[in-house]
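Pasted below: coords.txt, compact mmCIF, C-alpha atoms.
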# COMPACT_ATOMS: atom_id res chain seq x y z
CA MET D 114 84.17 93.67 133.31
CA ASN D 115 86.55 91.75 131.04
CA ALA D 116 89.28 93.67 129.25
CA ALA D 117 88.85 93.76 125.48
CA ILE D 118 92.20 95.49 124.97
CA GLU D 119 95.28 95.37 127.19
CA LEU D 120 98.42 97.19 126.10
CA GLU D 121 101.62 97.21 128.15
CA CYS D 122 104.55 99.31 126.94
CA VAL D 123 103.74 98.58 123.27
CA GLU D 124 106.37 99.66 120.77
CA ARG D 125 106.38 99.89 117.00
CA ARG D 126 109.10 101.19 114.69
CA TYR D 127 109.37 101.89 110.97
CA GLY D 128 113.03 101.20 110.35
CA GLU D 129 114.88 103.44 112.79
CA ARG D 130 111.91 105.74 113.36
CA VAL D 131 109.92 105.05 116.52
CA ALA D 132 106.18 105.29 115.77
CA LEU D 133 104.92 104.02 119.13
CA ALA D 134 106.86 103.80 122.39
CA GLY D 135 105.72 102.58 125.78
CA ILE D 136 101.99 102.73 125.06
CA SER D 137 99.87 101.24 127.83
CA ALA D 138 96.09 101.15 128.09
CA THR D 139 93.26 98.91 129.21
CA VAL D 140 89.79 99.03 127.66
CA GLY D 141 86.91 96.98 129.01
CA GLU D 142 84.27 95.29 126.85
CA GLY D 143 81.79 97.84 125.52
CA GLU D 144 83.98 100.79 126.52
CA THR D 145 85.40 103.52 124.30
CA LEU D 146 89.03 104.59 124.19
CA THR D 147 89.49 107.94 122.47
CA VAL D 148 92.93 108.56 121.01
CA LEU D 149 93.90 112.19 120.48
CA GLY D 150 97.04 113.80 119.14
CA PRO D 151 98.53 115.83 116.30
CA ASN D 152 99.29 114.46 112.81
CA GLY D 153 102.09 111.89 112.90
CA ALA D 154 101.65 111.17 116.61
CA GLY D 155 101.12 107.44 115.99
CA LYS D 156 97.32 107.22 116.18
CA THR D 157 96.85 105.35 112.91
CA THR D 158 99.80 103.07 113.69
CA LEU D 159 98.15 102.16 117.00
CA LEU D 160 94.90 101.28 115.20
CA ARG D 161 96.80 99.12 112.67
CA VAL D 162 98.61 97.29 115.48
CA LEU D 163 95.26 96.59 117.17
CA ALA D 164 93.80 95.45 113.84
CA THR D 165 96.74 92.96 113.46
CA LEU D 166 97.85 94.69 110.25
CA LEU D 167 101.14 95.71 111.93
CA ARG D 168 103.16 93.67 114.40
CA PRO D 169 104.10 95.26 117.70
CA HIS D 170 107.90 95.29 118.05
CA GLY D 171 107.93 95.37 121.82
CA GLY D 172 105.74 95.22 124.90
CA ARG D 173 102.58 93.19 125.25
CA ALA D 174 99.36 93.60 123.27
CA ARG D 175 96.30 91.54 124.07
CA VAL D 176 93.16 92.08 121.96
CA LEU D 177 89.89 90.20 122.53
CA GLY D 178 91.81 87.71 124.65
CA ALA D 179 94.43 86.98 121.98
CA GLU D 180 98.13 87.79 122.30
CA LEU D 181 99.53 89.76 119.36
CA PRO D 182 101.19 88.92 117.08
CA ASP D 183 101.18 85.17 117.81
CA GLU D 184 97.41 84.78 118.04
CA ALA D 185 96.50 87.43 115.47
CA TRP D 186 94.43 84.87 113.57
CA LYS D 187 91.97 84.78 116.49
CA VAL D 188 91.38 88.52 116.20
CA ARG D 189 90.83 88.63 112.42
CA GLY D 190 87.18 88.57 111.63
CA ASN D 191 86.32 90.11 114.99
CA VAL D 192 87.50 93.63 114.25
CA GLY D 193 85.80 96.33 112.21
CA LEU D 194 88.24 98.91 110.85
CA LEU D 195 87.06 102.23 109.49
CA GLY D 196 90.14 104.18 108.49
CA HIS D 197 91.33 106.73 105.96
CA GLU D 198 90.92 104.21 103.12
CA PRO D 199 87.37 102.89 102.65
CA LEU D 200 88.70 99.41 101.64
CA LEU D 201 86.17 99.36 98.82
CA TYR D 202 86.77 98.80 95.11
CA ARG D 203 86.01 101.87 93.01
CA ASP D 204 84.71 99.89 90.03
CA LEU D 205 82.27 97.81 92.05
CA SER D 206 78.95 99.06 93.37
CA PRO D 207 78.19 99.38 97.11
CA ARG D 208 76.15 96.17 96.96
CA GLU D 209 78.89 94.25 95.12
CA ASN D 210 81.53 95.49 97.55
CA LEU D 211 79.47 94.49 100.57
CA LEU D 212 78.55 91.11 99.07
CA TYR D 213 82.25 90.46 98.47
CA HIS D 214 83.12 91.26 102.10
CA ALA D 215 80.12 89.23 103.28
CA ARG D 216 81.49 86.17 101.48
CA LEU D 217 84.96 86.71 102.97
CA HIS D 218 83.43 86.97 106.45
CA ARG D 219 80.90 84.16 105.84
CA VAL D 220 77.99 86.49 106.53
CA GLY D 221 74.55 85.90 105.01
CA GLU D 222 73.72 88.03 101.98
CA GLU D 223 70.52 89.36 103.57
CA ARG D 224 72.74 91.36 105.99
CA VAL D 225 73.97 93.41 103.00
CA GLY D 226 70.47 94.63 102.19
CA GLU D 227 69.82 95.46 105.85
CA LEU D 228 72.99 97.53 106.11
CA LEU D 229 72.47 99.36 102.82
CA ALA D 230 69.09 100.43 104.18
CA ALA D 231 70.59 101.32 107.55
CA VAL D 232 73.15 103.69 105.99
CA GLY D 233 70.62 105.16 103.55
CA MET D 234 72.32 103.81 100.42
CA GLU D 235 69.62 101.55 99.01
CA GLY D 236 68.86 104.02 96.21
CA ARG D 237 72.51 104.22 95.04
CA ALA D 238 73.45 100.60 95.79
CA GLU D 239 74.07 99.63 92.16
CA GLU D 240 76.24 102.58 91.10
CA PRO D 241 80.04 102.28 90.92
CA MET D 242 81.75 103.60 94.04
CA ARG D 243 83.80 106.04 91.94
CA GLU D 244 80.60 107.94 91.09
CA LEU D 245 79.60 108.46 94.73
CA SER D 246 80.40 111.45 96.92
CA ARG D 247 82.93 111.18 99.75
CA GLY D 248 80.16 111.12 102.34
CA MET D 249 78.38 108.28 100.53
CA VAL D 250 81.62 106.30 100.29
CA GLN D 251 82.07 106.80 104.04
CA ARG D 252 78.56 105.49 104.66
CA VAL D 253 79.27 102.34 102.63
CA ALA D 254 82.65 101.96 104.37
CA SER D 255 80.84 102.15 107.71
CA ALA D 256 78.48 99.39 106.58
CA ARG D 257 81.52 97.34 105.52
CA ALA D 258 83.15 97.84 108.93
CA VAL D 259 80.15 96.44 110.84
CA LEU D 260 79.02 93.90 108.25
CA HIS D 261 80.25 90.92 110.31
CA ASP D 262 78.98 92.41 113.58
CA PRO D 263 82.46 92.73 115.14
CA PRO D 264 82.79 93.12 118.92
CA LEU D 265 85.66 95.61 118.42
CA LEU D 266 85.51 98.73 116.26
CA LEU D 267 88.63 100.69 115.30
CA LEU D 268 87.51 104.08 114.03
CA ASP D 269 89.82 106.67 112.47
CA GLU D 270 87.89 109.93 112.02
CA PRO D 271 84.62 108.04 111.34
CA ARG D 272 82.65 111.24 110.72
CA ALA D 273 85.03 112.57 108.07
CA GLY D 274 83.05 113.79 105.06
CA LEU D 275 79.67 113.18 106.68
CA ASP D 276 76.98 115.82 107.02
CA PRO D 277 75.17 115.97 110.40
CA ALA D 278 72.24 113.91 109.11
CA ALA D 279 74.52 111.14 107.85
CA ALA D 280 76.52 111.19 111.10
CA GLU D 281 73.23 110.75 112.97
CA LEU D 282 72.26 107.88 110.65
CA LEU D 283 75.48 106.00 111.42
CA GLU D 284 75.29 106.53 115.18
CA PRO D 285 73.48 103.22 115.92
CA LEU D 286 76.15 101.32 113.97
CA LEU D 287 79.31 103.10 115.09
CA GLY D 288 78.35 105.05 118.20
CA ARG D 289 78.22 104.09 121.87
CA ALA D 290 74.73 102.75 121.31
CA SER D 291 76.19 99.93 119.21
CA GLY D 292 77.43 98.36 122.46
CA ARG D 293 80.77 97.48 120.86
CA THR D 294 84.20 98.12 122.29
CA ARG D 295 85.57 101.09 120.36
CA VAL D 296 88.90 102.76 119.78
CA LEU D 297 88.14 106.18 118.36
CA VAL D 298 90.81 108.34 116.74
CA THR D 299 89.69 111.92 116.24
CA HIS D 300 90.87 115.50 115.99
CA ASP D 301 87.57 116.68 117.46
CA VAL D 302 88.72 116.88 121.08
CA GLU D 303 85.35 117.88 122.49
CA GLN D 304 83.40 115.12 120.73
CA GLY D 305 86.14 112.57 121.44
CA ARG D 306 86.17 113.31 125.18
CA ALA D 307 82.36 113.27 125.29
CA GLU D 308 82.30 109.73 123.90
CA ALA D 309 85.26 108.39 125.89
CA ASP D 310 85.55 106.08 128.86
CA HIS D 311 89.33 106.44 128.54
CA VAL D 312 91.44 109.02 126.75
CA LEU D 313 94.93 108.46 125.36
CA VAL D 314 96.79 111.50 124.10
CA LEU D 315 99.72 110.68 121.82
CA GLU D 316 102.64 112.89 120.91
CA ASP D 317 105.58 111.61 118.86
CA GLY D 318 104.48 108.04 119.52
CA ARG D 319 104.39 108.43 123.32
CA ALA D 320 101.54 108.93 125.76
CA ALA D 321 101.52 112.63 126.64
CA MET I 201 89.33 78.36 101.73
CA ILE I 202 87.53 77.45 98.49
CA ARG I 203 84.68 79.81 99.39
CA SER I 204 86.97 82.79 99.97
CA ALA I 205 89.10 81.92 96.90
CA SER I 206 85.94 81.81 94.82
CA ALA I 207 84.79 85.20 96.18
CA ILE I 208 88.17 86.82 95.40
CA LEU I 209 88.33 85.26 91.94
CA ARG I 210 84.82 86.40 91.05
CA LYS I 211 85.67 89.90 92.25
CA ASP I 212 88.90 89.98 90.21
CA LEU I 213 87.19 88.76 87.02
CA ARG I 214 84.39 91.27 87.48
CA LEU I 215 86.89 94.10 87.97
CA GLU I 216 88.85 93.02 84.88
CA ALA I 217 85.65 92.84 82.83
CA ARG I 218 84.87 96.44 83.86
CA THR I 219 88.30 98.07 83.81
CA LYS I 220 89.90 96.02 81.00
CA GLU I 221 93.34 96.79 82.42
CA SER I 222 95.15 93.49 81.88
CA VAL I 223 93.79 91.19 79.16
CA PRO I 224 93.51 93.77 76.34
CA ALA I 225 97.05 95.06 77.07
CA MET I 226 98.47 91.51 77.12
CA LEU I 227 96.66 90.69 73.90
CA LEU I 228 97.73 93.87 72.15
CA PHE I 229 101.34 93.23 73.17
CA SER I 230 101.23 89.64 71.84
CA VAL I 231 99.70 90.52 68.48
CA THR I 232 102.05 93.50 68.06
CA ALA I 233 105.04 91.27 68.82
CA PHE I 234 103.90 88.74 66.18
CA VAL I 235 103.51 91.55 63.62
CA LEU I 236 107.00 92.81 64.49
CA PHE I 237 108.46 89.31 64.16
CA HIS I 238 106.64 88.90 60.85
CA PHE I 239 108.27 92.01 59.40
CA GLY I 240 111.52 91.88 61.41
CA LEU I 241 112.35 88.34 60.31
CA ASP I 242 110.97 89.07 56.84
CA ARG I 243 109.38 85.62 56.76
CA ASP I 244 105.82 84.62 55.97
CA SER I 245 106.14 81.36 57.84
CA LEU I 246 108.25 79.88 60.59
CA ASP I 247 108.60 76.35 61.82
CA GLY I 248 110.45 74.23 64.35
CA GLU I 249 112.59 75.84 67.05
CA LEU I 250 112.21 79.38 65.72
CA ALA I 251 108.39 79.24 65.67
CA SER I 252 108.30 77.67 69.11
CA GLY I 253 110.73 80.23 70.55
CA VAL I 254 108.83 83.20 69.09
CA LEU I 255 105.53 81.93 70.47
CA TRP I 256 106.74 81.23 74.01
CA VAL I 257 108.95 84.29 74.45
CA THR I 258 106.02 86.46 73.32
CA LEU I 259 103.55 84.78 75.68
CA LEU I 260 105.96 84.99 78.62
CA LEU I 261 106.64 88.69 78.03
CA ALA I 262 102.90 89.33 77.67
CA SER I 263 102.36 87.63 81.02
CA VAL I 264 104.60 90.24 82.69
CA ILE I 265 101.83 92.81 82.07
CA GLY I 266 99.24 90.62 83.78
CA VAL I 267 101.52 89.82 86.70
CA THR I 268 102.34 93.51 87.27
CA ARG I 269 98.62 94.35 87.43
CA LEU I 270 97.51 91.28 89.42
CA PHE I 271 97.54 93.00 92.83
CA ALA I 272 96.88 96.51 91.47
CA ALA I 273 93.34 96.84 92.81
CA GLU I 274 94.39 95.47 96.21
CA ARG I 275 97.34 97.85 96.39
CA GLU I 276 95.70 100.98 95.03
CA GLN I 277 92.29 100.65 96.69
CA GLY I 278 93.29 99.16 100.03
CA GLY I 279 91.69 95.82 99.24
CA ILE I 280 94.57 93.90 100.76
CA ASP I 281 93.75 95.29 104.23
CA GLY I 282 90.15 94.21 103.76
CA LEU I 283 91.35 90.71 102.98
CA LEU I 284 93.83 90.57 105.84
CA LEU I 285 91.17 91.72 108.30
CA SER I 286 88.86 88.89 107.29
CA PRO I 287 89.16 85.32 108.56
CA ALA I 288 89.70 84.19 104.94
CA ASP I 289 92.60 81.77 104.51
CA ARG I 290 95.51 83.46 102.75
CA THR I 291 96.12 80.36 100.67
CA GLY I 292 92.71 81.15 99.19
CA LEU I 293 94.08 84.51 98.06
CA PHE I 294 96.98 82.78 96.29
CA LEU I 295 94.64 80.31 94.61
CA ALA I 296 92.31 83.11 93.49
CA LYS I 297 95.12 85.27 92.09
CA ALA I 298 96.72 82.32 90.30
CA ALA I 299 93.32 81.30 88.89
CA ALA I 300 92.65 84.86 87.69
CA LEU I 301 96.02 84.97 85.90
CA PHE I 302 95.31 81.54 84.39
CA VAL I 303 92.01 82.84 82.99
CA TYR I 304 93.70 85.99 81.61
CA LEU I 305 96.37 83.87 79.88
CA ALA I 306 93.77 81.52 78.41
CA LEU I 307 91.76 84.49 77.05
CA VAL I 308 94.89 86.04 75.53
CA GLU I 309 95.91 82.74 73.91
CA LEU I 310 92.41 82.30 72.49
CA VAL I 311 93.08 85.27 70.19
CA ALA I 312 96.90 85.36 70.09
CA LEU I 313 97.30 81.80 68.79
CA PRO I 314 95.14 82.31 65.68
CA ALA I 315 97.04 85.58 65.11
CA PHE I 316 100.34 83.70 65.45
CA THR I 317 99.14 81.04 63.02
CA LEU I 318 98.01 83.65 60.52
CA LEU I 319 101.12 85.84 60.69
CA LEU I 320 103.95 83.42 61.30
CA LEU I 321 103.22 79.73 61.50
CA GLY I 322 103.87 77.46 58.56
CA PRO I 323 102.32 74.17 59.76
CA GLY I 324 98.91 74.41 61.43
CA LEU I 325 98.21 74.10 65.16
CA GLN I 326 97.95 70.61 66.60
CA PRO I 327 95.68 69.55 69.48
CA GLU I 328 98.69 68.52 71.63
CA LEU I 329 99.48 72.22 71.96
CA LEU I 330 96.44 72.58 74.24
CA LEU I 331 98.00 70.26 76.83
CA ILE I 332 101.30 72.18 76.68
CA LEU I 333 99.44 75.47 77.09
CA LEU I 334 97.48 74.10 80.03
CA LEU I 335 100.59 73.01 81.92
CA ALA I 336 102.59 76.12 81.00
CA ASN I 337 99.73 78.41 82.05
CA LEU I 338 99.48 76.61 85.36
CA GLY I 339 103.18 77.20 86.07
CA LEU I 340 103.01 80.79 84.85
CA ALA I 341 99.97 81.48 87.00
CA SER I 342 101.49 80.11 90.22
CA VAL I 343 104.88 81.81 89.76
CA GLY I 344 103.13 84.99 88.60
CA ALA I 345 100.87 85.16 91.67
CA LEU I 346 103.88 84.61 93.94
CA VAL I 347 106.03 87.29 92.27
CA SER I 348 103.13 89.74 92.09
CA ALA I 349 102.52 89.40 95.84
CA LEU I 350 106.25 89.82 96.52
CA ALA I 351 106.45 92.96 94.41
CA SER I 352 103.13 94.46 95.46
CA GLU I 353 104.47 96.44 98.42
CA GLY I 354 107.58 97.74 96.68
CA ARG I 355 107.84 101.06 94.92
CA ALA I 356 109.56 99.85 91.73
CA ARG I 357 107.23 96.92 91.04
CA GLU I 358 107.23 97.53 87.26
CA LEU I 359 110.97 96.86 87.44
CA VAL I 360 110.90 94.15 90.09
CA VAL I 361 108.27 91.96 88.40
CA PRO I 362 110.19 91.25 85.16
CA LEU I 363 113.52 91.01 86.99
CA MET I 364 112.15 88.33 89.32
CA LEU I 365 109.62 86.68 87.05
CA LEU I 366 111.59 86.03 83.87
CA PRO I 367 114.54 84.16 85.46
CA LEU I 368 112.08 82.01 87.43
CA LEU I 369 110.22 81.23 84.20
CA THR I 370 113.34 80.13 82.29
CA PRO I 371 112.87 76.39 83.04
CA LEU I 372 109.23 76.71 81.99
CA LEU I 373 110.26 78.43 78.74
CA ILE I 374 112.77 75.67 77.97
CA ALA I 375 110.24 72.90 78.64
CA ALA I 376 107.34 74.57 76.83
CA ALA I 377 109.45 75.47 73.80
CA GLY I 378 110.99 71.99 73.78
CA ALA I 379 107.55 70.37 73.87
CA THR I 380 106.17 72.65 71.16
CA GLU I 381 109.10 72.44 68.71
CA PRO I 382 108.27 68.94 67.35
CA LEU I 383 104.64 70.01 66.82
CA PHE I 384 105.81 72.91 64.67
CA SER I 385 108.39 70.92 62.71
CA GLY I 386 106.36 67.79 62.16
CA ASP I 387 109.02 65.43 63.54
CA GLY I 388 109.79 64.02 66.99
CA GLY I 389 108.00 61.13 68.58
CA PRO I 390 105.51 61.07 71.45
CA GLU I 391 108.37 60.15 73.83
CA ASP I 392 109.87 63.65 73.30
CA LEU I 393 106.56 65.30 74.10
CA GLY I 394 106.13 63.10 77.17
CA ARG I 395 109.57 64.06 78.50
CA TRP I 396 108.90 67.80 78.19
CA LEU I 397 105.38 67.50 79.59
CA GLY I 398 106.85 65.64 82.56
CA LEU I 399 109.28 68.50 83.14
CA LEU I 400 106.46 71.04 82.89
CA SER I 401 104.36 69.06 85.37
CA LEU I 402 107.27 68.87 87.81
CA TYR I 403 107.83 72.62 87.50
CA ASP I 404 104.12 73.26 88.18
CA LEU I 405 104.11 70.96 91.20
CA VAL I 406 107.21 72.56 92.74
CA PHE I 407 105.98 76.12 92.32
CA VAL I 408 102.40 75.47 93.42
CA LEU I 409 103.67 73.82 96.61
CA LEU I 410 106.32 76.50 97.18
CA SER I 411 103.80 79.30 96.66
CA VAL I 412 101.27 77.76 99.04
CA ALA I 413 104.02 77.30 101.64
CA VAL I 414 105.38 80.86 101.55
CA PHE I 415 102.38 82.97 100.53
CA ASP I 416 101.21 83.49 104.11
CA TYR I 417 104.58 84.98 105.10
CA LEU I 418 104.69 87.30 102.09
CA LEU I 419 101.59 89.11 103.29
CA ASP I 420 102.75 89.46 106.89
CA ASP I 421 103.96 92.81 108.13

What would the structure in this file look like if it were written as structure tokens?
Amino acid sequence: MNAAIELECVERRYGERVALAGISATVGEGETLTVLGPNGAGKTTLLRVLATLLRPHGGRARVLGAELPDEAWKVRGNVGLLGHEPLLYRDLSPRENLLYHARLHRVGEERVGELLAAVGMEGRAEEPMRELSRGMVQRVASARAVLHDPPLLLLDEPRAGLDPAAAELLEPLLGRASGRTRVLVTHDVEQGRAEADHVLVLEDGRAA
Amino acid sequence: MIRSASAILRKDLRLEARTKESVPAMLLFSVTAFVLFHFGLDRDSLDGELASGVLWVTLLLASVIGVTRLFAAEREQGGIDGLLLSPADRTGLFLAKAAALFVYLALVELVALPAFTLLLLGPGLQPELLLILLLANLGLASVGALVSALASEGRARELVVPLMLLPLLTPLLIAAAGATEPLFSGDGGPEDLGRWLGLLSLYDLVFVLLSVAVFDYLLDD
């Protein structure tokens, strides 16, 4: 099995503060790495490094065969990030937001309709995002994350704000069944371990 | 690049049409400034250098509002991460932001210029002014998009934008006011206009090229 993610002693700092230190992990294609740890442990920073939004300051990071940060451009467009921010505009509707991202990713517009149906948002697709509940926003954000069918999903508490029915609805897109390589950040230790092929526990930016 | 720039521009114009956060504020500022000049100078009509200076200083200060808000949706709603995660060329983002600011300025001028004529201008508007506005807006839009991107990550962007933008716009102000002055005083030959338009064009060329060259690095971590 080819490695989708290879990290060797990755470091990241914010000024003098060390956010990640000596992080190593290997995740094969289609596997799930669950990242656990308390608030401020560096979980979100790790996701942002993998997403190419932050540069690693030390060590070696290889994602989807591309060395970061030099070959970050090869990774962009192949990653789906579902984080704390939905990355959706509040004054646009779900359909307008997804159409916008579809154009950026050069994805056919018919995919937007398919995904709105898949996340159960067809009926509210024309309303401004600011009028939707948190769970509905999360559903649209999930559709946005998989819109371009990325081989790698970076998920930060993907079930936040979702009721059990909605979580079930998103399972084919975000869950193991999607067949994608996943990095899953969660505070739900039991669920995280159940879904994991590998587990990384972070504490103060270091593997515990 | 053109495809992604067009998508970003359409999104920005749609958001502005819904939120009305930039153009109405820029317009209100411009008209208010003309009213203040009208009463502050206690003159019913201006001409020459004074008219030209009042017009361009007002338009430049109004543009500060648009530049400050240009990356607001990206910054406040996480849109910049969405863009950076996509394969879209970052030059496309610059082109889209500059084009959006150009459209905002054109819309503001569509109403502000008649207001200026009504409140302050002695001689009427001449068609040559359109060419000056076109070139000045182009320069304003490219410098504005650059400064807005630079200031977007900082905390004190409302302070940083005017402090960076206005000094960079000084050559543009000199050239635009110099080109406009003969139109408002009724003297000066076409060679004067040509010289100032040449300077404006050079300014536009330098800042468009500079912005395209450095924009990618501005958005890097």

Which residues of chain I are close to chain D, meaning at most 10 Å apart when you count only C-alpha atoms, and how do they look as an mmCIF file with C-alpha atoms, in the frame of the given file?
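Full text of part_24.cif as output:
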data_model
loop_
_atom_site.group_PDB
_atom_site.id
_atom_site.type_symbol
_atom_site.label_atom_id
_atom_site.label_comp_id
_atom_site.auth_asym_id
_atom_site.auth_seq_id
_atom_site.Cartn_x
_atom_site.Cartn_y
_atom_site.Cartn_z
ATOM 1 C CA MET I 201 89.330 78.360 101.730
ATOM 2 C CA ARG I 203 84.680 79.810 99.390
ATOM 3 C CA SER I 204 86.970 82.790 99.970
ATOM 4 C CA ALA I 205 89.100 81.920 96.900
ATOM 5 C CA SER I 206 85.940 81.810 94.820
ATOM 6 C CA ALA I 207 84.790 85.200 96.180
ATOM 7 C CA ILE I 208 88.170 86.820 95.400
ATOM 8 C CA ARG I 210 84.820 86.400 91.050
ATOM 9 C CA LYS I 211 85.670 89.900 92.250
ATOM 10 C CA ARG I 214 84.390 91.270 87.480
ATOM 11 C CA LEU I 215 86.890 94.100 87.970
ATOM 12 C CA GLU I 216 88.850 93.020 84.880
ATOM 13 C CA ARG I 218 84.870 96.440 83.860
ATOM 14 C CA THR I 219 88.300 98.070 83.810
ATOM 15 C CA ALA I 273 93.340 96.840 92.810
ATOM 16 C CA GLU I 274 94.390 95.470 96.210
ATOM 17 C CA GLU I 276 95.700 100.980 95.030
ATOM 18 C CA GLN I 277 92.290 100.650 96.690
ATOM 19 C CA GLY I 278 93.290 99.160 100.030
ATOM 20 C CA GLY I 279 91.690 95.820 99.240
ATOM 21 C CA ILE I 280 94.570 93.900 100.760
ATOM 22 C CA ASP I 281 93.750 95.290 104.230
ATOM 23 C CA GLY I 282 90.150 94.210 103.760
ATOM 24 C CA LEU I 283 91.350 90.710 102.980
ATOM 25 C CA LEU I 284 93.830 90.570 105.840
ATOM 26 C CA LEU I 285 91.170 91.720 108.300
ATOM 27 C CA SER I 286 88.860 88.890 107.290
ATOM 28 C CA PRO I 287 89.160 85.320 108.560
ATOM 29 C CA ALA I 288 89.700 84.190 104.940
ATOM 30 C CA ASP I 289 92.600 81.770 104.510
ATOM 31 C CA LEU I 419 101.590 89.110 103.290
ATOM 32 C CA ASP I 420 102.750 89.460 106.890
ATOM 33 C CA ASP I 421 103.960 92.810 108.130
#

Would you pick out the contacts of Pro151 in chain D at 8 Å or less, using all atoms listed in the file, so that residues sharing its chain but fewer than 5 positions from it are not included, and give the list as an NGL selection string?
:D and (300 or 315-316)

Got a sec: who's within 12 Å of Ala278 in chain D, counting all atoms listed in the file, leaving out chain neighbours fewer than 5 positions off, as a PyMOL selection string?
chain D and resi 232-233+248-249+252+272+283-284

Could you check how far CA of Ala299 in chain I sits from CA of Gly266 in chain I, in Å to one decimal?
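Taking CA of Ala299 in chain I as the start and CA of Gly266 in chain I as the end point, the length is 12.2 Å.
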
Ranking I:Thr370, I:Ser385, I:Ser411, I:Ser401 by minimum distance to Ala349 in chain I and counting only C-alpha atoms, which one comes first?
I:Ser411

Using all atoms of range 139-145 of chain D listed in the file and a margin of 3 Å per side, can you give the axis-aligned box centre and edge lengths in Å to one decimal, as JSON?
{"center_x": 87.5, "center_y": 99.4, "center_z": 126.8, "size_x": 17.5, "size_y": 14.2, "size_z": 10.9}

In Å, rounded to a single decimal, give me how far CA of Leu209 in chain I is from CA of Val223 in chain I.
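Calculated distance between CA of Val223 in chain I and CA of Leu209 in chain I is 15.1 Å.
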
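By all atoms listed in the file, and with residues fewer than 2 positions from Arg247 in chain D along its chain excluded, the set lying at most 9 Å from it is D:Leu245, D:Met249, D:Val250, D:Gln251, D:Arg252, D:Ala273, D:Gly274, D:Leu275.
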
Within 12 Å of (110.8, 81.9, 69.1) (coordinates as in the file), grab all the protein and nucleic acid residues, counting all atoms listed in the file, and write them out as a ChimeraX atom specification.
/I:233-234,237-238,241,246-261,316,320-321,373-374,376-378,380-381,384

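Shortest atom-to-atom contact with Gly141 in chain D among D:Val259, D:Ala231, D:Ile118, D:Ala290: D:Ile118, counting only C-alpha atoms.
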
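Here CA of Gly288 in chain D is placed at a distance of 24.5 Å from CA of Ala179 in chain D.
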
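In this comparison, which uses all atoms listed in the file, the residue of I:Gly394, I:Asp212, I:Leu227, I:Leu293 approaching Leu331 in chain I most closely is I:Gly394.
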
Residues near Ala138 in chain D, cut-off 7 Å, only C-alpha atoms, skip fewer than 4 positions along chain, as a PyMOL selection string
chain D and resi 119-121

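With distances taken over all atoms listed in the file, I:Lys297 is the one residue among I:Lys297, I:Arg243, I:Arg395, I:Lys220 lying closest to Gly344 in chain I.
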
Do a neighbour search on Asp317 in chain D at 8 Å with all atoms listed in the file, toss out local chain neighbours closer than 4 positions, and write the hits as a PyMOL selection string.
chain D and resi 132-133+153-155

So which one's closest to Leu397 in chain I, I:Leu359, I:Ala351, I:Leu334, I:Leu310? Using only C-alpha atoms, please.
I:Leu334
